[in-house]
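Participant: This is the structure, below, for whatever I ask next.
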Amino acid sequence: MKKFITLMLLLVVGHSFAQIKVEGVVKDSIGNPLELANVIAINQETKALESFGITNDQGRYKLALTKNTTYTIQVSYIGMKTFDEVLAIKEADLTKNFTLQEDNTLDEIQLIYEMPVTIKGDTLTYNADSFNKGTERKLGDVLKNLPGVEVNADGQIEIEGKVVGKVMVDGKDFFDGDSKLATKNIPASAVDKVQVLKNYAEVGQLSGVTNNMDNIAINIKLKEGKTNFWFGDITAGGGVSEDNALYLAQPKLFYYSPKYSVNLIGDLNNIGEVAFTRRDYFNFSGGFRAPSSQSGTSINLGSNNLGFLSLQNNRAKDINTKFGAANFSYSPNKKLDLSGFAILSSSRIELQENNSVQYTNSDLGIPDEDTQSNTRQRSDLGMLKLSSKYKPNASNQLDYEVLGRLSKESQDQKFLSSVIGNIDQYENTKPFSVNQNLSYYYTLDEKNIFAFEAQHLLQDEDPFYNAIIEEKANYETTANNLGLDPNQLDYNVAQEKRVKSNQLDAKLDYWNILTARSNINFTLGTILSKQNFDSEIFQYLDDDSVFDPTPTFNDGLDTNNTDYNFSDMYVGAHYQFKTGIFTITPGLSAHAYSSKNVQFGEEYKKNFFKLLPDFDMRIQLKKSENISLTYNMNTQFTDVTNLAKGIVLNNYNSIFSGNEGLDNALSHNVNLRYFSFNMFNYTNVFGSINYSKRIDQIRNLTNFESVIRTNSPFNSSFADETISANGRFQRRFGKLQASVNGNFNYSKFNQFIQSNRSVNENYSHSYGAELRTNFREAPNVQLNYRYGIQDNDQGSTRSKFYTSTPSIEVDALILKTFTFKTDFSYNNFSNADGTINDYEFWNASLSYRKDKDAKLEYAVKATNLLNTKSQSQSNTSNISVSATEYFIQPLYVTFRVIYSL
């Protein structure tokens, strides 16, 4: 492997030194520099576009060309005559200036090659074929080639350091704009143009009065011949591993026409290629955004999902998944758009973990704990959404959406604790939710705009938990506290919970456009929330009867029946004005809050008033360079589960009881962000700093008995603080692209254990460097290095973990018919005493396609070639630090056949 890496590095260096730099200035006839002029170089022999450049604000361009080669240089600019010249490149760098003449007869301009990048207003358009190398298979592969565009490890698209909020295909939403489904499924062969839409406004009527600088969308333009026809691919394959036979089937079919579109995605496999994870499901908003998201009020309805162990990098000991999704859009006329999607996901997963847990404040007698777990998860998830948009004219728009979710999940765990012994845990749940959104936008005239938005959520959750503790002597104190019957073979304790939530979030906005550079916005809104929480703890006895225990603490309360009502009535005002390069928006909202919870026949009610300021300032230094500064004060409210006084079993070692008198928390949040993207040399710079201070934060008072803890929440009078900073610098040097990045997070929070307060400080920082090539013909190599430090100062305990990960990826088109891809990474996980674990991953694939238009492709793919059995990582919570060994699937090889429509 080392020889292979050395060979790739020599190849990179060799190609780099063969490059000749051609640069100069493009001006108009009177000598003014032309910004955003296009300069391209066409190889006279191959007729291929070999290099291109876009001029900066000083009219400068730069090309990287091959020595001893002849090119046609073409310079173009809107409103100017296109200039052509044949240029013979020798063995020395060259300076070449161009002067363009005005031309009003634009129809006479004939471009001999389509421009790789064009810029028009806030739209940046990439011509995909100008960057493709022939090895691309999905949209994600295409996007990785584009300067200034990133696809992160989760499959999300990032531009200017911000995650793209919407993906469209020919102007139609793709699964409500989900970027992960788009990057992993849309075939690369169908992509003609990639349009980056900056300052994107969902509602055109509000584009001039709302701040959209953080909104970015992508529109995929299909190639000619891909409309009015089905396109896509169907993959089928199988293979072997050391444990079982392998299979996969992946149909991905698409149809687009001016009136309607249909997208069908399927995935059935047992090789760990997870198309849609549980995290994807619960993070999938369906395009919904709460009307009150910028009001200054945050109310968390809580999550009563199961405590599922999470996949690590989509790896586990065994993974079987089924996934199906369908998306449609239909426009019966120009005024009405109908759309919707359905997503079904089913998985059967086996996980194995070894944990070494070091608890905070070891001087208080809390023992360290080593645990081993074997877990089987079953998850069936369903989601359905229907949407309609009615826009009879430019002044009116009515939208309605409904999203339904239904799931059935369970988890079995075999747990071995060095302190407690053997524990069997079982959980299941069948929750559902219905979310509706109604919006109406009305433009009275050029000075007055109205918007009404309302969202209603209905949610029902019913998690069940059961734990069997076999070594009774290790659980005796806790069992006595819970009031369990000791005269049994083991402790078999269970809990039923039911949480129902009903919430309305609505607001009415009015904008008055004062001048061409200023407007004022008034908002009237409300949040109305109602929750009901029921829970009950019981014990299964040896004779299969059920025993209702009475705890010896918490006033003997082991059940809950709590009603919680919350309301926020608010008015807000924001004034936006532009002066020079500044756009400034100060704002203030006034809130009348009311909360009431009723339990065990008692009522706890609070009413109060709060003023919440916010501020936003954008500095547009250049077209693609800006600074933003934001501040907001936020009130945070908890959900019913933290208010209910009865006992709740969160785990075999975690017992919780709520606090009916909890108040809201208050936070101050500041964000400073800088971004610059220079098309002249493709330099991409991004940086941000965030600071948050939380007052009256809800913290837990924790008491330990051995490793078993009881928690009760309260409002801490000590402030908690968080500071985070991250940055990235990326630049292209001819056929090379280099980038460095860094992230730093610091948090200081107050922890309360055994009635003792400790100030905990956590530091985490990571650094990365990347070098990759951008050759059209030669193999491409990507070298990465990442180094991370997790430093935790928790009370009397200090721990430090280091992670070092160098990696390499190679992507090569061989003889124009074979595509070879491989990736290798080495991971070293250590602490101050030395290496805890090191492990390697190596994957490779080889595919054959007769030519780029061939219908059939054959591929062989090997995963985990070194047969690595496990990986390691560190985890930090507010009470412990742990090092985890996580077991993964062994080496397997699959053979695949892909048929392209």
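As shown in the structure tokens, the chain order sets the letters A, B, ...; within each chain, residues go from 1, and ligands are also counted from 1 in the order they appear.
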Neighbouring residues of range 847-853 of chain A were defined as those with any atom within 10 Å, considering only C-alpha atoms; residues of the same chain fewer than 4 positions away were excluded. Please report them as a list in words.
Facilitator: Gly134, Thr135, Ser189, Leu813, Ile814, Leu815, Lys816, Thr817, Phe818, Thr819, Phe820, Lys821, Glu857, Tyr858, Ala859, Val860, Lys861, Phe895, Arg896, Val897, Ile898 and Ser900 of chain A
Participant: As an exercise, work out the distance from CA of Leu438 in chain A to CA of His456 in chain A in Å and give it to one decimal place.
Facilitator: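 Interatomic distance, CA of Leu438 in chain A to CA of His456 in chain A: 8.8 Å.
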Participant: Nearest to Phe341 in chain A among A:Phe174, A:Gln873, A:Asp505, A:Tyr281, with distances taken over only C-alpha atoms: which residue is it?
Facilitator: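 Nearest candidate to Phe341 in chain A out of A:Phe174, A:Gln873, A:Asp505, A:Tyr281: A:Phe174.
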Participant: List every residue of range 605-707 of chain A that DSSP, applied to the backbone of this structure, places in helix (DSSP H, G or I), and write the result as a list in words.
Facilitator: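 Restricting range 605-707 of chain A to helix (DSSP H, G or I) produces Val640, Thr641, Asn642 and Leu643 of chain A.
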Participant: If you count only C-alpha atoms, which residues fall within 7 Å of Gln539 in chain A, apart from same-chain ones fewer than 4 positions away, as a compact mmCIF listing (two decimals) with N, CA and C atoms, in the first residue's frame?
Facilitator:
# COMPACT_ATOMS: atom_id res chain seq x y z
N LEU A 484 -39.24 -2.51 45.03
CA LEU A 484 -39.44 -3.79 44.34
C LEU A 484 -39.50 -4.94 45.35
N ASN A 492 -37.19 -7.93 37.67
CA ASN A 492 -37.77 -7.74 36.34
C ASN A 492 -38.70 -6.54 36.40
N VAL A 493 -38.18 -5.36 36.04
CA VAL A 493 -38.92 -4.12 36.21
C VAL A 493 -39.25 -3.53 34.84
N ALA A 494 -40.45 -2.96 34.73
CA ALA A 494 -40.90 -2.42 33.43
C ALA A 494 -41.58 -1.08 33.63
N VAL A 546 -48.18 -9.34 38.18
CA VAL A 546 -47.62 -8.00 38.11
C VAL A 546 -47.76 -7.33 39.47
N PHE A 547 -46.67 -6.75 39.94
CA PHE A 547 -46.63 -6.10 41.24
C PHE A 547 -46.46 -4.60 41.04
N ASP A 548 -47.26 -3.80 41.76
CA ASP A 548 -47.19 -2.34 41.69
C ASP A 548 -46.38 -1.84 42.89
Participant: Identify, on the basis of only C-alpha atoms, every residue whose closest approach to range 691-706 of chain A does not exceed 6 Å; exclude the query and any residue fewer than 4 positions from it along the same chain; express the result as a ChimeraX atom specification.
Facilitator: /A:366,665-670,710-717,719-723,752-754
Participant: Using only C-alpha atoms, which of the listed residues (A:Ser310, A:Thr46, A:Ser628, A:Ser130) sits closest to Arg376 in chain A?
Facilitator: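 Of A:Ser310, A:Thr46, A:Ser628, A:Ser130, the one nearest Arg376 in chain A, counting only C-alpha atoms, is A:Ser310.
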